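Below is one structure, written out as C-alpha cells; the observations come after it.
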Amino acid sequence: MTRPYDYAIIGGGIVGLSTGMALTKRFPGTKILVLEKELALAMHQTGHNSGVIHSGIYYKPGSFKAKFARAGSESMVRFCEEHSIQHDICGKVIVATKSDELPLLENLYQRGLENELNIEKIDAGQLKEIEPHVNGLAAIRVPAAGIVDYKEVCRAYGRAITMGGGDIRVGERLLSVRHKSGHVELETRCNVFESKFIVNCAGLHSDRVARMDKVADDLKIVPFRGEYYELVPERRHLVKHLVYPVPNPDFPFLGVHYTRMIGGHVEAGPNAVLALKREGYNKGDVNLRDIAEILAYKGFWKLSSKYWREGVEEMKRSFSKAAFVRGLQELIPEIRSEDLVPAAAGVRAQALRPDGSLVDDFHLIKGERSIHVCNAPSPAATASIEIGRHIAAQIAIGHAPVPVRSVRSPVRVS
C-alpha cells in the first residue's frame, strides 16, 4: 500500500528524530514520516552514546561541529528543562599528565577561547581540590559540560513528532529508493511509501542509502567499535566530574576517559578498534558484506598505513584488560583491574575518503529530492536540535532543497 507524505526521514536515531521534530515545527500541517529498521528507536549510535553534553572545545572555530556544539549544548539543556528530562551539568576537566602535553593543553585552551566558551586553566593544586584522585600537571575546567540520557531525549523528540501529526514507523528496513514523477518511492520489507522529499539519517548505513538514491559521493562509512569498562559501585567516588586526557593531535580518536552517567555509574573508555560489522558491538560480530566493502576500499588501506601503530595499541587494549587499565591509570593511578567490570560497547559511523582522510565535520550531501547526512559523529547528540533546525532550513516550502554546504575541517579530534 502506498502512503503519500511530504517528508520522509530514514533513521530513527537522535539526528533523524530531531530533524522530524524540526520539520514538524517549521512546516506545520505537512505529513511527516520517520522510518526505523529496528523495532524501537535509538537502538544504535544514539542508544550506545556516552550521554555527554559537549561544550565544543575540541572543534575548529567556524566548523559546523564548533557552532552546533556550542549552540546545541544550550538548546539541549533548555529542552531537558522544558520536558523534565533528568540531566546534570557536572562539568569536565581535560588533564595534562605529562610535560609534553602542556603545550597541547594550551593550544586546546586557546581553541576554547576562540569558540567563546566559558573555560579556565587550573594548576595541579586546583585540580586536586576538585578531583582528588586525578593525576595531572594542569587542566582545563569546562563548567558547561554535562550528562543526559539521550534515549529519553529521543522519546521526547518522538512525542513532539507524533503530537504534530507525524508518523513514526519501526520495523521498516529500507530496500530501495525510486524516483517517480513528483515524488520518491521508498520500499521497505513491509510497505511502499511515497514522499515528496527524503532526509537520510541512517547513521551506520547512510552511505548505502545515499547510493540507493543515486547520489554520487566517494565516502565510505567505516565502523569503529569503542569498548568500555564500568567502575564497581564502591569505586565510583574516584570520579567527581567528566575526566578526559589531552587529545593526541596525531590520532583521530579522543583516548580513554571517565564519564559519569545519569544512572550514577561511571564508565571508563573507550578504545577504538575496527568493527567487522557495521553494528558489531561484540568482538565476535562479523558480517562478510561489511568486511568486503572495507577491504575493497582504498581509503581504508591508506588510513591503516598512517595509523597502524596506534591501531595496534588500540587492539592491545581490546584484548588485554591489563593494557586498558594502564591507560586509565595515567589519569587515576589508584585504578586497579578489580575496580572495573565490562560495559556495553558502542560503534561509531566514521566517514572515510578515498585518500584515507577521515571526514571530521558534519557532512551533508544534496540530492534531487533529498538531503543525506553522511557524517554525524560526536557531538551530534549534543547538537541534534541545531542539526535538525539546520536541515529543515535547507528545505524550501516547495520541497526543493537549496544547496547544502559541507564543511571539510582538517581537525582530527572528534
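Residues in the C-alpha cells are numbered from 1 in each chain, the chains being A, B, ... in the order shown, and ligands are numbered from 1 in the order shown.
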
Open item on the list: What's around A:Ala345 at 7 Å? Count only C-alpha atoms, leave out sequence neighbours fewer than 4 positions away in its own chain, and write the answer as a list in words.
Closed with: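 The residues that qualify are His48, Arg225, Gly226, Glu227, Tyr228 and Tyr281 of chain A.
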
Selection above as a file: C-alpha atoms, as a CSV table (one decimal), in the first residue's frame:
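Dumped to again.csv:
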```
chain,number,residue,atom,x,y,z
A,48,HIS,CA,25.1,3.4,22.9
A,225,ARG,CA,33.9,-0.1,18.0
A,226,GLY,CA,34.5,1.7,21.3
A,227,GLU,CA,34.8,-0.7,24.2
A,228,TYR,CA,34.1,0.4,27.8
A,281,TYR,CA,29.1,-4.4,19.3
```

Task: All residues 9 Å or closer to stretch 149-158 of chain A, only C-alpha atoms, same chain fewer than 4 positions away omitted, as a ChimeraX atom specification - done: /A:12-14,17-18,20-21,41-43,46-47,49-52,76,79-80,83,85-87,162-163,168,261-263,381-382

TODO: Tell me which of A:Pro342, A:Gly136, A:Gly164, A:Gly11 sits closest to A:Thr97, counting only C-alpha atoms.
DONE: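 So, comparing all the options, the nearest one is A:Gly136.
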
Proximity check stretch 147-252 of chain A to stretch 319-332 of chain A, 8 Å, nearest pairs one decimal Å, only C-alpha atoms, as a tab-separated table:
```
residue	atom	partner	partner_atom	distance
A:Leu238	CA	A:Ile332	CA	8.0
A:Val243	CA	A:Leu331	CA	8.0
A:Pro245	CA	A:Leu331	CA	7.2
```

- [ ] Could you give me, as an MDAnalysis selection string, the residues within 10 Å of A:Ala343, counting only C-alpha atoms and dropping anything in the same chain fewer than 5 positions from it?
- [x] chainID A and resid 227:231 267:269

- [ ] Rank nothing, just name the residue among A:Phe68, A:Arg26, A:Leu35, A:Ile130 nearest to A:Ile387, using only C-alpha atoms.
- [x]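 Once distances to A:Ile387 are computed over only C-alpha atoms, the minimum belongs to A:Phe68.
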
- [ ] For stretch 208-210 of chain A, please output as a PyMOL selection string all residues within 12 Å (counting only C-alpha atoms; exclusion window: fewer than 3 positions along the same chain).
- [x] chain A and resi 9-11+173-178+186-187+198-205+213-222+278+290+293+351+364-375

Task: atom CA of A:Gly125 to atom CA of A:His265, straight-line distance in Å - done: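 Result for atom CA of A:His265 versus atom CA of A:Gly125: 26.5 Å, one decimal.
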
- [ ] Provide the atom CA of A:Leu105 to atom CA of A:Lys65 distance in Å, to one decimal place.
- [x]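 Between atom CA of A:Leu105 and atom CA of A:Lys65 the gap is 19.6 Å.
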
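With atom CA of A:Ala8 on one side and atom CA of A:Gln394 on the other, the separation reads 14.9 Å.
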
TODO: Per DSSP on the backbone, filter stretch 48-203 of chain A down to the residues in helix (DSSP H, G or I) and report them as a PyMOL selection string.
DONE: chain A and resi 64-82+99-114+124-130+150-163+203

- [ ] Based on DSSP run over this structure's backbone, return all residues of stretch 27-219 of chain A in strand (DSSP E or B), as number ranges by chain.
- [x] A: 32-36, 52-53, 87-88, 92-96, 120-123, 138-142, 146-148, 167-170, 174-180, 183-188, 192-200

TODO: Write out as number ranges by chain which residues come within 7 Å of A:Val232 when counting only C-alpha atoms, dropping same-chain ones fewer than 5 positions away.
DONE: A: 339-341
